[in-house]
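A.B. asks: Here you go, model18.cif (mmCIF, C-alpha atoms):
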data_protein
#
loop_
_atom_site.label_atom_id
_atom_site.label_comp_id
_atom_site.auth_asym_id
_atom_site.auth_seq_id
_atom_site.Cartn_x
_atom_site.Cartn_y
_atom_site.Cartn_z
CA MET T 9 -1.44 -19.40 21.25
CA ASN T 10 -0.43 -22.99 21.62
CA VAL T 11 3.13 -23.90 20.70
CA ASN T 12 1.76 -27.08 19.16
CA PHE T 13 0.59 -24.84 16.32
CA LEU T 14 3.86 -23.05 16.01
CA ASN T 15 6.28 -25.84 15.24
CA PRO T 16 4.38 -27.21 12.24
CA PHE T 17 4.67 -23.75 10.66
CA LEU T 18 8.32 -23.26 11.55
CA ASP T 19 9.23 -26.69 10.22
CA ALA T 20 7.12 -26.29 7.07
CA ALA T 21 8.61 -22.85 6.36
CA ASN T 22 12.17 -24.12 6.76
CA GLU T 23 11.63 -27.11 4.53
CA VAL T 24 9.74 -25.33 1.77
CA LEU T 25 11.90 -22.22 1.65
CA LYS T 26 15.06 -24.31 1.43
CA GLN T 27 13.59 -26.55 -1.22
CA GLU T 28 12.06 -23.81 -3.37
CA THR T 29 14.59 -21.01 -3.04
CA ARG T 30 17.74 -22.85 -2.01
CA LEU T 31 18.35 -20.13 0.58
CA ASP T 32 19.13 -20.78 4.24
CA PHE T 33 16.77 -18.69 6.33
CA ILE T 34 17.70 -17.92 9.93
CA ARG T 35 14.82 -17.43 12.32
CA GLY T 36 14.81 -14.34 14.50
CA GLY T 37 13.16 -14.04 17.91
CA LEU T 38 9.41 -14.65 18.06
CA SER T 39 7.06 -12.02 19.42
CA LEU T 40 3.35 -11.57 20.01
CA ASP T 41 1.67 -8.58 18.42
CA LYS T 42 -1.82 -7.59 19.52
CA SER T 43 -1.92 -4.46 17.42
CA HIS T 44 -2.75 -4.12 13.73
CA TYR T 45 -0.34 -5.28 11.09
CA ILE T 46 0.87 -2.43 8.88
CA SER T 47 1.42 -4.01 5.50
CA ASP T 48 4.75 -4.40 3.75
CA ASP T 49 4.99 -4.20 -0.06
CA VAL T 50 3.75 -7.78 -0.55
CA THR T 51 1.58 -9.89 1.76
CA VAL T 52 0.13 -13.34 1.05
CA ILE T 53 -2.90 -14.21 3.14
CA LEU T 54 -4.22 -17.72 3.73
CA ALA T 55 -6.95 -18.78 6.09
CA ILE T 56 -7.10 -21.99 8.08
CA VAL T 57 -10.38 -23.55 9.16
CA GLY T 58 -10.86 -26.56 11.41
CA MET T 59 -9.53 -27.56 14.81
CA VAL T 60 -7.14 -24.63 14.38
CA SER T 61 -8.63 -21.51 12.80
CA GLY T 62 -7.48 -18.09 11.79
CA ASN T 63 -5.27 -16.39 9.24
CA VAL T 64 -1.63 -16.67 8.26
CA PHE T 65 0.27 -13.87 6.50
CA TYR T 66 3.62 -14.01 4.72
CA SER T 67 5.00 -10.50 4.30
CA MET T 68 8.07 -9.12 2.54
CA ASP T 69 9.30 -6.12 0.65
CA GLN T 70 9.33 -5.91 -3.14
CA ALA T 71 13.05 -6.72 -3.43
CA THR T 72 12.64 -9.96 -1.47
CA ALA T 73 9.54 -10.90 -3.48
CA LEU T 74 11.42 -10.44 -6.77
CA ASN T 75 14.46 -12.31 -5.44
CA LEU T 76 12.45 -15.29 -4.19
CA ALA T 77 10.28 -15.45 -7.33
CA SER T 78 13.41 -15.33 -9.51
CA ARG T 79 15.06 -18.11 -7.52
CA MET T 80 11.95 -20.26 -7.49
CA MET T 81 11.39 -20.03 -11.21
CA TYR T 82 15.02 -19.82 -12.36
CA GLU T 83 14.09 -16.65 -14.22
CA PRO T 84 15.09 -13.09 -13.33
CA PHE T 85 12.08 -10.87 -12.59
CA GLU T 86 12.56 -7.11 -13.02
CA GLU T 87 9.00 -6.29 -12.05
CA PHE T 88 6.51 -7.99 -9.80
CA ASN T 89 4.26 -9.16 -12.62
CA SER T 90 1.47 -11.78 -12.62
CA LEU T 91 3.84 -14.70 -12.90
CA ALA T 92 6.03 -13.51 -10.05
CA GLN T 93 2.92 -12.82 -7.97
CA SER T 94 1.58 -16.32 -8.53
CA GLY T 95 4.96 -17.73 -7.52
CA ILE T 96 4.99 -15.88 -4.21
CA ALA T 97 1.36 -16.76 -3.54
CA GLU T 98 2.17 -20.39 -4.26
CA LEU T 99 5.07 -20.25 -1.82
CA GLY T 100 2.68 -19.20 0.93
CA ASN T 101 0.22 -21.82 -0.21
CA VAL T 102 2.76 -24.65 -0.10
CA ILE T 103 4.17 -23.66 3.30
CA THR T 104 0.68 -23.39 4.78
CA GLY T 105 -0.41 -26.65 3.16
CA LYS T 106 2.60 -28.48 4.51
CA ALA T 107 1.98 -26.98 7.94
CA SER T 108 -1.63 -28.17 7.83
CA VAL T 109 -0.43 -31.72 7.10
CA LYS T 110 1.89 -31.54 10.10
CA LEU T 111 -0.93 -30.09 12.23
CA SER T 112 -3.11 -32.97 11.17
CA GLN T 113 -0.40 -35.43 12.20
CA SER T 114 -0.38 -33.75 15.62
CA GLY T 115 -4.12 -34.26 15.86
CA TYR T 116 -5.29 -30.85 14.63
CA GLU T 117 -7.35 -31.34 11.47
CA ALA T 118 -7.61 -28.20 9.42
CA THR T 119 -8.23 -27.08 5.84
CA ILE T 120 -6.52 -24.17 4.19
CA SER T 121 -8.10 -21.59 1.90
CA PRO T 122 -6.75 -20.50 -1.48
CA PRO T 123 -4.22 -17.65 -1.18
CA THR T 124 -4.92 -13.95 -1.58
CA LEU T 125 -2.11 -11.56 -2.49
CA ILE T 126 -2.01 -7.98 -1.26
CA GLN T 127 0.28 -5.36 -2.71
CA GLY T 128 0.65 -2.01 -1.08
CA LYS T 129 2.70 -0.81 1.80
CA GLY T 130 1.14 0.95 4.76
CA ALA T 131 -2.36 -0.49 4.87
CA THR T 132 -3.81 -1.43 8.25
CA ILE T 133 -4.61 -5.12 8.46
CA ASN T 134 -6.67 -6.04 11.49
CA THR T 135 -6.97 -9.64 12.69
CA LEU T 136 -9.45 -8.54 15.37
CA ASP T 137 -9.39 -10.83 18.38
CA TYR T 138 -6.61 -13.01 16.97
CA PRO T 139 -3.22 -11.70 18.14
CA ARG T 140 -0.36 -12.50 15.77
CA ILE T 141 2.74 -14.47 16.55
CA ILE T 142 5.51 -12.85 14.51
CA VAL T 143 8.20 -15.11 13.03
CA PRO T 144 11.01 -13.20 11.27
CA LEU T 145 13.04 -15.20 8.75
CA VAL T 146 16.20 -13.74 7.22
CA ALA T 147 18.43 -15.00 4.41
CA GLU T 148 20.80 -13.31 1.97
CA ASN T 149 18.89 -10.56 0.15
CA ALA T 150 15.65 -11.94 1.53
CA SER T 151 13.61 -11.14 4.59
CA VAL T 152 10.21 -12.74 5.19
CA VAL T 153 7.91 -12.39 8.18
CA ILE T 154 5.32 -15.06 8.95
CA HIS T 155 2.34 -13.84 10.99
CA LEU T 156 0.24 -16.51 12.72
CA ALA T 157 -3.17 -15.28 13.89
CA LEU T 158 -4.54 -18.65 14.99
CA LYS T 159 -6.61 -20.16 17.76
CA GLU T 160 -7.62 -23.64 18.75
CA THR T 161 -11.28 -24.12 17.91
CA ALA T 162 -13.22 -26.27 20.29
CA GLY T 163 -16.69 -27.66 19.84
CA SER T 164 -18.39 -27.94 16.50
CA ARG T 165 -15.51 -26.43 14.52
CA LEU T 166 -18.03 -24.50 12.46
CA ASN T 167 -17.81 -20.72 12.44
CA ALA T 168 -20.70 -19.63 14.64
CA ALA T 169 -22.09 -17.53 11.82
CA ALA T 170 -22.40 -20.68 9.71
CA ILE T 171 -24.61 -22.51 12.19
CA PRO T 172 -28.26 -22.18 11.26
CA VAL T 173 -30.40 -20.52 13.91
CA PRO T 174 -33.85 -22.07 14.35
CA ASP T 175 -36.78 -19.80 13.59
CA ARG T 176 -38.41 -18.04 16.48
CA PRO T 177 -41.24 -20.29 17.73
CA ASN T 178 -44.76 -18.83 17.56
CA ILE T 179 -45.77 -18.80 21.18
CA MET A 16 -14.71 -21.70 -14.23
CA VAL A 17 -17.00 -19.53 -12.15
CA ASN A 18 -20.41 -21.00 -11.47
CA VAL A 19 -23.10 -18.38 -11.13
CA THR A 20 -25.32 -20.65 -9.06
CA PHE A 21 -23.16 -19.45 -6.15
CA LEU A 22 -24.37 -15.95 -6.71
CA ASN A 23 -27.99 -15.95 -5.65
CA PRO A 24 -27.53 -17.67 -2.26
CA PHE A 25 -24.91 -15.03 -1.50
CA ILE A 26 -27.04 -12.10 -2.62
CA GLU A 27 -29.95 -13.44 -0.56
CA ALA A 28 -27.62 -13.62 2.43
CA VAL A 29 -26.57 -9.98 1.98
CA LYS A 30 -30.19 -8.83 1.69
CA ASP A 31 -31.39 -10.83 4.70
CA VAL A 32 -28.54 -9.88 7.01
CA VAL A 33 -28.53 -6.20 6.04
CA LYS A 34 -32.26 -6.12 6.65
CA ALA A 35 -31.91 -7.84 10.02
CA GLU A 36 -28.84 -5.92 11.25
CA LEU A 37 -29.36 -2.52 9.66
CA GLY A 38 -33.07 -2.47 8.93
CA ILE A 39 -32.57 -1.32 5.35
CA GLU A 40 -33.08 -2.65 1.84
CA VAL A 41 -30.32 -3.49 -0.60
CA THR A 42 -30.49 -3.06 -4.36
CA ARG A 43 -28.19 -5.07 -6.55
CA GLY A 44 -26.37 -3.22 -9.32
CA PRO A 45 -24.96 -4.64 -12.57
CA LEU A 46 -22.63 -7.62 -12.17
CA SER A 47 -19.21 -7.95 -13.72
CA LEU A 48 -16.51 -10.60 -13.84
CA GLN A 49 -12.96 -9.46 -13.11
CA LYS A 50 -9.73 -11.37 -13.43
CA SER A 51 -7.43 -8.55 -12.47
CA ALA A 52 -6.57 -7.43 -8.95
CA LEU A 53 -9.11 -5.47 -6.97
CA THR A 54 -8.19 -1.91 -6.03
CA ALA A 55 -9.29 -1.71 -2.44
CA ASP A 56 -11.90 0.66 -1.10
CA GLU A 57 -11.18 2.49 2.13
CA VAL A 58 -12.44 -0.53 4.08
CA THR A 59 -12.27 -4.19 2.98
CA VAL A 60 -13.36 -7.28 4.88
CA ILE A 61 -11.86 -10.58 3.71
CA LEU A 62 -13.28 -14.00 4.54
CA SER A 63 -12.27 -17.36 3.12
CA MET A 64 -14.52 -20.30 2.44
CA VAL A 65 -13.46 -23.94 2.48
CA GLY A 66 -15.32 -27.14 1.73
CA GLU A 67 -17.40 -28.02 -1.31
CA ILE A 68 -17.35 -24.38 -2.38
CA GLN A 69 -14.01 -22.69 -1.81
CA GLY A 70 -12.39 -19.33 -2.32
CA VAL A 71 -12.39 -15.81 -0.99
CA VAL A 72 -15.12 -13.25 -0.33
CA LEU A 73 -14.27 -9.54 -0.16
CA PHE A 74 -16.59 -6.76 0.99
CA GLY A 75 -15.62 -3.20 0.05
CA LEU A 76 -17.07 0.03 1.40
CA SER A 77 -16.13 3.60 2.23
CA THR A 78 -15.22 4.66 5.76
CA GLN A 79 -18.27 6.92 5.81
CA THR A 80 -20.61 4.04 4.99
CA ALA A 81 -18.84 1.82 7.52
CA LEU A 82 -19.32 4.41 10.29
CA ILE A 83 -23.02 4.84 9.50
CA MET A 84 -23.51 1.06 9.50
CA VAL A 85 -21.75 0.42 12.83
CA GLU A 86 -23.62 3.28 14.42
CA LYS A 87 -26.84 1.51 13.49
CA MET A 88 -25.60 -1.93 14.60
CA ILE A 89 -23.99 -0.93 17.90
CA GLY A 90 -26.22 2.00 18.81
CA GLN A 91 -23.55 4.62 19.41
CA LYS A 92 -22.06 7.31 17.22
CA PHE A 93 -18.53 6.77 15.91
CA THR A 94 -16.37 9.67 14.79
CA THR A 95 -13.36 7.56 13.84
CA PHE A 96 -13.08 4.08 12.41
CA ASP A 97 -11.59 2.72 15.62
CA ASN A 98 -11.14 -0.87 16.82
CA LEU A 99 -14.73 -1.29 17.96
CA ALA A 100 -16.08 0.06 14.69
CA GLN A 101 -13.69 -2.19 12.76
CA SER A 102 -14.80 -5.25 14.67
CA GLY A 103 -18.44 -4.33 13.98
CA ILE A 104 -17.89 -4.18 10.24
CA ALA A 105 -15.83 -7.37 10.26
CA GLU A 106 -18.64 -9.08 12.14
CA LEU A 107 -21.17 -7.88 9.56
CA GLY A 108 -19.06 -9.52 6.85
CA ASN A 109 -18.76 -12.62 9.00
CA VAL A 110 -22.51 -12.93 9.54
CA ILE A 111 -23.32 -12.35 5.86
CA THR A 112 -20.79 -14.96 4.76
CA GLY A 113 -22.02 -17.35 7.45
CA ARG A 114 -25.59 -16.93 6.22
CA ALA A 115 -24.39 -17.61 2.67
CA SER A 116 -22.70 -20.75 3.97
CA ILE A 117 -26.04 -21.87 5.44
CA ASN A 118 -27.76 -21.13 2.11
CA TYR A 119 -25.15 -23.19 0.29
CA SER A 120 -25.74 -26.00 2.77
CA LYS A 121 -29.47 -25.95 1.94
CA ALA A 122 -28.46 -26.24 -1.72
CA GLY A 123 -26.37 -29.30 -0.87
CA TYR A 124 -22.90 -27.77 -0.59
CA GLN A 125 -21.16 -28.16 2.77
CA THR A 126 -18.84 -25.25 3.54
CA ASN A 127 -17.16 -23.57 6.46
CA ILE A 128 -15.76 -20.09 6.74
CA SER A 129 -12.62 -18.54 8.22
CA PRO A 130 -12.41 -15.74 10.78
CA PRO A 131 -12.51 -12.33 9.08
CA THR A 132 -9.62 -9.98 8.37
CA LEU A 133 -10.27 -6.27 8.00
CA ILE A 134 -8.12 -3.99 5.84
CA VAL A 135 -8.06 -0.22 5.99
CA GLY A 136 -6.10 0.99 3.00
CA LYS A 137 -7.60 2.62 -0.01
CA GLY A 138 -5.76 1.89 -3.21
CA ILE A 139 -3.93 -1.27 -2.23
CA GLN A 140 -4.14 -4.12 -4.72
CA ILE A 141 -5.82 -7.35 -3.67
CA SER A 142 -5.46 -10.30 -6.02
CA THR A 143 -7.33 -13.59 -5.84
CA LEU A 144 -4.88 -15.00 -8.41
CA ASP A 145 -6.45 -17.68 -10.55
CA PHE A 146 -9.90 -17.23 -9.02
CA SER A 147 -11.95 -14.80 -11.12
CA ARG A 148 -14.19 -12.50 -9.09
CA ILE A 149 -17.85 -11.80 -9.62
CA VAL A 150 -18.28 -8.16 -8.58
CA VAL A 151 -21.71 -7.36 -7.11
CA PRO A 152 -22.35 -3.71 -6.24
CA MET A 153 -25.08 -3.47 -3.59
CA ALA A 154 -26.65 -0.07 -3.07
CA THR A 155 -28.16 0.95 0.25
CA ASN A 156 -29.27 4.27 1.72
CA MET A 157 -26.16 4.15 3.91
CA GLY A 158 -23.88 3.93 0.89
CA GLU A 159 -22.59 1.24 -1.41
CA LEU A 160 -21.36 -2.20 -0.34
CA VAL A 161 -19.41 -4.02 -3.05
CA VAL A 162 -19.35 -7.80 -2.71
CA ASN A 163 -16.58 -9.68 -4.54
CA LEU A 164 -17.00 -13.43 -4.86
CA ALA A 165 -13.93 -15.38 -5.90
CA LEU A 166 -15.47 -18.80 -5.39
CA ARG A 167 -15.58 -22.11 -7.19
CA GLU A 168 -16.79 -25.61 -6.66
CA ALA A 169 -14.05 -27.73 -5.14
CA THR A 170 -12.81 -30.54 -7.36
CA PRO A 171 -13.58 -33.93 -5.80
CA GLY A 172 -10.97 -34.80 -3.22
CA THR A 173 -9.91 -31.26 -2.41
CA GLU A 174 -12.91 -30.35 -0.31
CA ALA A 175 -12.57 -31.10 3.39
CA PRO A 176 -15.28 -33.14 5.04
CA ILE A 177 -16.91 -30.85 7.57
CA PRO A 178 -17.55 -32.68 10.85
CA LEU A 179 -21.10 -31.76 11.81
CA ALA A 180 -21.29 -31.92 15.58
CA ILE A 181 -24.45 -29.82 15.62
CA GLY A 182 -27.00 -31.53 13.40
CA ASN A 183 -27.72 -29.29 10.51
CA LYS A 184 -28.59 -31.83 7.88
#
I need this file expressed as structure tokens, please.

C.D. replies:
Amino acid sequence: MNVNFLNPFLDAANEVLKQETRLDFIRGGLSLDKSHYISDDVTVILAIVGMVSGNVFYSMDQATALNLASRMMYEPFEEFNSLAQSGIAELGNVITGKASVKLSQSGYEATISPPTLIQGKGATINTLDYPRIIVPLVAENASVVIHLALKETAGSRLNAAAIPVPDRPNI
Amino acid sequence: MVNVTFLNPFIEAVKDVVKAELGIEVTRGPLSLQKSALTADEVTVILSMVGEIQGVVLFGLSTQTALIMVEKMIGQKFTTFDNLAQSGIAELGNVITGRASINYSKAGYQTNISPPTLIVGKGIQISTLDFSRIVVPMATNMGELVVNLALREATPGTEAPIPLAIGNK
């Protein structure tokens, strides 16, 4: 994976997390994981499509999710209800959106999908032939991991499955 | 607001691809609209769609059905749902969604789709948040495939122009 993709995400995450949660997150060492991701309590998934394509996950345990949601909305959450869930999903959405703007400024046009939220520890999440760069972020009572399963997309930038195949000619 | 004109192009895509890849027919069961989170089947494939129609597509099936389907597609027997089998099922979801994207394009909606993600984890909760899902159970003689469509028409300005380097207009 190209480091040109990495920095927009690191910068976006720093800016948004600080702004939304008022917590200072310290970044741990990056690593590359080619195996499956085993899900934490809460995972937000967003897809990116364009000159950079793939999926981005934001994972955390329940305690972090409640803490961040509470801080974002200035309201204590005892359970991870719909409102808290939408807050965490929105956090992933804003970080990814900001990263896509920075990517675009670096010359990589891309569009992001709406977020999907997964709850349930221990599921196997397979990004197939997209290895994940793992970015651990730690703050007080909060630990978030960003997973970047992205590749530069050359050529038509359409997913091959979305390109119409001409009918077989009658020869 | 969910627009059901998205439904038929997708159902056609499922039927055509399943016929082409698996050689079998698909029968659509009763539709429903869900706002709550989906409780995942043993196997779930997730794809996202961007452009003039945007959102998330989820395919749910049992491991047993998945193994029967990949055996047919790849031509070898699978005893466990290993990496190769997983990539086969993910690709099936990818091709179906890609075909739907082509169908939408014929209807005048330009879209593009993300790479697929595959989840193995029965019982986990998958929420598409403020996108309601149309749930389409599709019966086959290899087992049931449940298609969840959490899609909507993009509001003007939010859709991305799709650069068409290969002429498909």

A.B. asks: List the neighbours of stretch 125-137 of chain A out to 8 Å using all atoms listed in the file; skip same-chain residues closer than 2 positions along the sequence, and give me the result as a VMD selection string.

C.D. replies: (chain T and resid 55 to 57 61 to 63 130 to 136 166 to 167 170) or (chain A and resid 54 to 69 101 105 to 106 108 to 109 112 to 113 116 119 to 120 123 139 177)

A.B. asks: Rounded to one decimal place, report the atom CA of A:Val162-atom CA of A:Gly70 distance in Å.

C.D. replies: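 For atom CA of A:Val162 relative to atom CA of A:Gly70, the distance reads 13.5 Å.
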
A.B. asks: Could you tell me which residues the PyMOL selection byres ((chain A and resi 94) around 12) returns for this structure, as a PDB file with C-alpha atoms, keeping the file's coordinate frame?

C.D. replies:
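And here is the file that came out, expr-v3.pdb:
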ATOM      1  CA  THR A  78     -15.220   4.660   5.760  1.00  0.00           C
ATOM      2  CA  GLN A  79     -18.270   6.920   5.810  1.00  0.00           C
ATOM      3  CA  ALA A  81     -18.840   1.820   7.520  1.00  0.00           C
ATOM      4  CA  LEU A  82     -19.320   4.410  10.290  1.00  0.00           C
ATOM      5  CA  ILE A  83     -23.020   4.840   9.500  1.00  0.00           C
ATOM      6  CA  VAL A  85     -21.750   0.420  12.830  1.00  0.00           C
ATOM      7  CA  GLU A  86     -23.620   3.280  14.420  1.00  0.00           C
ATOM      8  CA  GLN A  91     -23.550   4.620  19.410  1.00  0.00           C
ATOM      9  CA  LYS A  92     -22.060   7.310  17.220  1.00  0.00           C
ATOM     10  CA  PHE A  93     -18.530   6.770  15.910  1.00  0.00           C
ATOM     11  CA  THR A  95     -13.360   7.560  13.840  1.00  0.00           C
ATOM     12  CA  PHE A  96     -13.080   4.080  12.410  1.00  0.00           C
ATOM     13  CA  ASP A  97     -11.590   2.720  15.620  1.00  0.00           C
ATOM     14  CA  ASN A  98     -11.140  -0.870  16.820  1.00  0.00           C
ATOM     15  CA  LEU A  99     -14.730  -1.290  17.960  1.00  0.00           C
ATOM     16  CA  ALA A 100     -16.080   0.060  14.690  1.00  0.00           C
TER      17      ALA A 100
END

A.B. asks: Using only C-alpha atoms, select each residue of chain T with any atom at most 10 Å away from an atom of chain A, and give the selection as JSON, numbers by chain.

C.D. replies: {"T": [43, 44, 45, 46, 47, 49, 50, 51, 52, 53, 54, 55, 56, 57, 58, 61, 62, 63, 90, 91, 93, 94, 97, 98, 117, 118, 119, 120, 121, 122, 123, 124, 125, 126, 127, 128, 129, 130, 131, 132, 133, 134, 135, 136, 137, 138, 157, 158, 163, 164, 165, 166, 167, 168, 169, 170, 171, 172, 173]}

A.B. asks: With C-alpha atoms retained, could you export that selection as a PDB file, in the frame of the given file?

C.D. replies:
ATOM      1  CA  SER T  43      -1.920  -4.460  17.420  1.00  0.00           C
ATOM      2  CA  HIS T  44      -2.750  -4.120  13.730  1.00  0.00           C
ATOM      3  CA  TYR T  45      -0.340  -5.280  11.090  1.00  0.00           C
ATOM      4  CA  ILE T  46       0.870  -2.430   8.880  1.00  0.00           C
ATOM      5  CA  SER T  47       1.420  -4.010   5.500  1.00  0.00           C
ATOM      6  CA  ASP T  49       4.990  -4.200  -0.060  1.00  0.00           C
ATOM      7  CA  VAL T  50       3.750  -7.780  -0.550  1.00  0.00           C
ATOM      8  CA  THR T  51       1.580  -9.890   1.760  1.00  0.00           C
ATOM      9  CA  VAL T  52       0.130 -13.340   1.050  1.00  0.00           C
ATOM     10  CA  ILE T  53      -2.900 -14.210   3.140  1.00  0.00           C
ATOM     11  CA  LEU T  54      -4.220 -17.720   3.730  1.00  0.00           C
ATOM     12  CA  ALA T  55      -6.950 -18.780   6.090  1.00  0.00           C
ATOM     13  CA  ILE T  56      -7.100 -21.990   8.080  1.00  0.00           C
ATOM     14  CA  VAL T  57     -10.380 -23.550   9.160  1.00  0.00           C
ATOM     15  CA  GLY T  58     -10.860 -26.560  11.410  1.00  0.00           C
ATOM     16  CA  SER T  61      -8.630 -21.510  12.800  1.00  0.00           C
ATOM     17  CA  GLY T  62      -7.480 -18.090  11.790  1.00  0.00           C
ATOM     18  CA  ASN T  63      -5.270 -16.390   9.240  1.00  0.00           C
ATOM     19  CA  SER T  90       1.470 -11.780 -12.620  1.00  0.00           C
ATOM     20  CA  LEU T  91       3.840 -14.700 -12.900  1.00  0.00           C
ATOM     21  CA  GLN T  93       2.920 -12.820  -7.970  1.00  0.00           C
ATOM     22  CA  SER T  94       1.580 -16.320  -8.530  1.00  0.00           C
ATOM     23  CA  ALA T  97       1.360 -16.760  -3.540  1.00  0.00           C
ATOM     24  CA  GLU T  98       2.170 -20.390  -4.260  1.00  0.00           C
ATOM     25  CA  GLU T 117      -7.350 -31.340  11.470  1.00  0.00           C
ATOM     26  CA  ALA T 118      -7.610 -28.200   9.420  1.00  0.00           C
ATOM     27  CA  THR T 119      -8.230 -27.080   5.840  1.00  0.00           C
ATOM     28  CA  ILE T 120      -6.520 -24.170   4.190  1.00  0.00           C
ATOM     29  CA  SER T 121      -8.100 -21.590   1.900  1.00  0.00           C
ATOM     30  CA  PRO T 122      -6.750 -20.500  -1.480  1.00  0.00           C
ATOM     31  CA  PRO T 123      -4.220 -17.650  -1.180  1.00  0.00           C
ATOM     32  CA  THR T 124      -4.920 -13.950  -1.580  1.00  0.00           C
ATOM     33  CA  LEU T 125      -2.110 -11.560  -2.490  1.00  0.00           C
ATOM     34  CA  ILE T 126      -2.010  -7.980  -1.260  1.00  0.00           C
ATOM     35  CA  GLN T 127       0.280  -5.360  -2.710  1.00  0.00           C
ATOM     36  CA  GLY T 128       0.650  -2.010  -1.080  1.00  0.00           C
ATOM     37  CA  LYS T 129       2.700  -0.810   1.800  1.00  0.00           C
ATOM     38  CA  GLY T 130       1.140   0.950   4.760  1.00  0.00           C
ATOM     39  CA  ALA T 131      -2.360  -0.490   4.870  1.00  0.00           C
ATOM     40  CA  THR T 132      -3.810  -1.430   8.250  1.00  0.00           C
ATOM     41  CA  ILE T 133      -4.610  -5.120   8.460  1.00  0.00           C
ATOM     42  CA  ASN T 134      -6.670  -6.040  11.490  1.00  0.00           C
ATOM     43  CA  THR T 135      -6.970  -9.640  12.690  1.00  0.00           C
ATOM     44  CA  LEU T 136      -9.450  -8.540  15.370  1.00  0.00           C
ATOM     45  CA  ASP T 137      -9.390 -10.830  18.380  1.00  0.00           C
ATOM     46  CA  TYR T 138      -6.610 -13.010  16.970  1.00  0.00           C
ATOM     47  CA  ALA T 157      -3.170 -15.280  13.890  1.00  0.00           C
ATOM     48  CA  LEU T 158      -4.540 -18.650  14.990  1.00  0.00           C
ATOM     49  CA  GLY T 163     -16.690 -27.660  19.840  1.00  0.00           C
ATOM     50  CA  SER T 164     -18.390 -27.940  16.500  1.00  0.00           C
ATOM     51  CA  ARG T 165     -15.510 -26.430  14.520  1.00  0.00           C
ATOM     52  CA  LEU T 166     -18.030 -24.500  12.460  1.00  0.00           C
ATOM     53  CA  ASN T 167     -17.810 -20.720  12.440  1.00  0.00           C
ATOM     54  CA  ALA T 168     -20.700 -19.630  14.640  1.00  0.00           C
ATOM     55  CA  ALA T 169     -22.090 -17.530  11.820  1.00  0.00           C
ATOM     56  CA  ALA T 170     -22.400 -20.680   9.710  1.00  0.00           C
ATOM     57  CA  ILE T 171     -24.610 -22.510  12.190  1.00  0.00           C
ATOM     58  CA  PRO T 172     -28.260 -22.180  11.260  1.00  0.00           C
ATOM     59  CA  VAL T 173     -30.400 -20.520  13.910  1.00  0.00           C
TER      60      VAL T 173
END

A.B. asks: With distances taken over all atoms listed in the file, which of T:Arg176, T:Arg30, T:Lys159, T:Arg140 is nearest to T:Met81?

C.D. replies: T:Arg30

A.B. asks: From the set T:Val60, T:Met68, T:Leu74, T:Leu14, which residue has the shortest atom-to-atom contact distance to T:Leu145, counting only C-alpha atoms?

C.D. replies: T:Met68

A.B. asks: Please report, as JSON, the centre and edge lengths in Å to one decimal of an axis-aligned box covering all listed atoms of stretch 44-57 of chain T with 8 Å per side.

C.D. replies:
{"center_x": -2.7, "center_y": -13.0, "center_z": 6.6, "size_x": 31.4, "size_y": 37.1, "size_z": 30.3}

A.B. asks: Starting from the PyMOL selection byres ((chain A and resi 160) around 12), expand the selection into actual residues of this file and give them as a PyMOL selection string.

C.D. replies: chain A and resi 26+29-30+33+40-44+56-60+73-81+84+104+107-108+150-159+161-163

A.B. asks: Counting only C-alpha atoms, figure out which residue out of A:Arg167, A:Lys34, A:Lys121, A:Lys87 gets nearest to A:Ser147.

C.D. replies: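 Closest to A:Ser147 of all the choices is A:Arg167.
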
A.B. asks: Could you tell me how far atom CA of A:Val32 sits from atom CA of T:Asp175, in Å to one decimal place?

C.D. replies: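 One can read the atom CA of T:Asp175 to atom CA of A:Val32 distance as 14.5 Å.
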
A.B. asks: Report as a JSON list (two decimals) with C-alpha atoms, in the frame of the given file the residues that result from applying the PyMOL selection byres ((chain T and resi 85) around 12) to the structure here.

C.D. replies:
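Final output, result-v5.json:
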[["chain", "number", "residue", "atom", "x", "y", "z"],
["T", 70, "GLN", "CA", 9.33, -5.91, -3.14],
["T", 71, "ALA", "CA", 13.05, -6.72, -3.43],
["T", 72, "THR", "CA", 12.64, -9.96, -1.47],
["T", 73, "ALA", "CA", 9.54, -10.90, -3.48],
["T", 74, "LEU", "CA", 11.42, -10.44, -6.77],
["T", 75, "ASN", "CA", 14.46, -12.31, -5.44],
["T", 76, "LEU", "CA", 12.45, -15.29, -4.19],
["T", 77, "ALA", "CA", 10.28, -15.45, -7.33],
["T", 78, "SER", "CA", 13.41, -15.33, -9.51],
["T", 79, "ARG", "CA", 15.06, -18.11, -7.52],
["T", 80, "MET", "CA", 11.95, -20.26, -7.49],
["T", 81, "MET", "CA", 11.39, -20.03, -11.21],
["T", 82, "TYR", "CA", 15.02, -19.82, -12.36],
["T", 83, "GLU", "CA", 14.09, -16.65, -14.22],
["T", 84, "PRO", "CA", 15.09, -13.09, -13.33],
["T", 86, "GLU", "CA", 12.56, -7.11, -13.02],
["T", 87, "GLU", "CA", 9.00, -6.29, -12.05],
["T", 88, "PHE", "CA", 6.51, -7.99, -9.80],
["T", 89, "ASN", "CA", 4.26, -9.16, -12.62],
["T", 90, "SER", "CA", 1.47, -11.78, -12.62],
["T", 91, "LEU", "CA", 3.84, -14.70, -12.90],
["T", 92, "ALA", "CA", 6.03, -13.51, -10.05],
["T", 93, "GLN", "CA", 2.92, -12.82, -7.97],
["T", 95, "GLY", "CA", 4.96, -17.73, -7.52]]

A.B. asks: Select, from T:Leu25, T:Leu31, T:Val11, T:Leu40, the residue with the minimum atom-to-atom distance to T:Ile96, counting only C-alpha atoms.

C.D. replies: T:Leu25

A.B. asks: Just the number, please: distance in Å from atom CA of T:Val24 to atom CA of T:Gly105, one decimal.

C.D. replies: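 Atom-to-atom, atom CA of T:Val24 to atom CA of T:Gly105, that is 10.3 Å.
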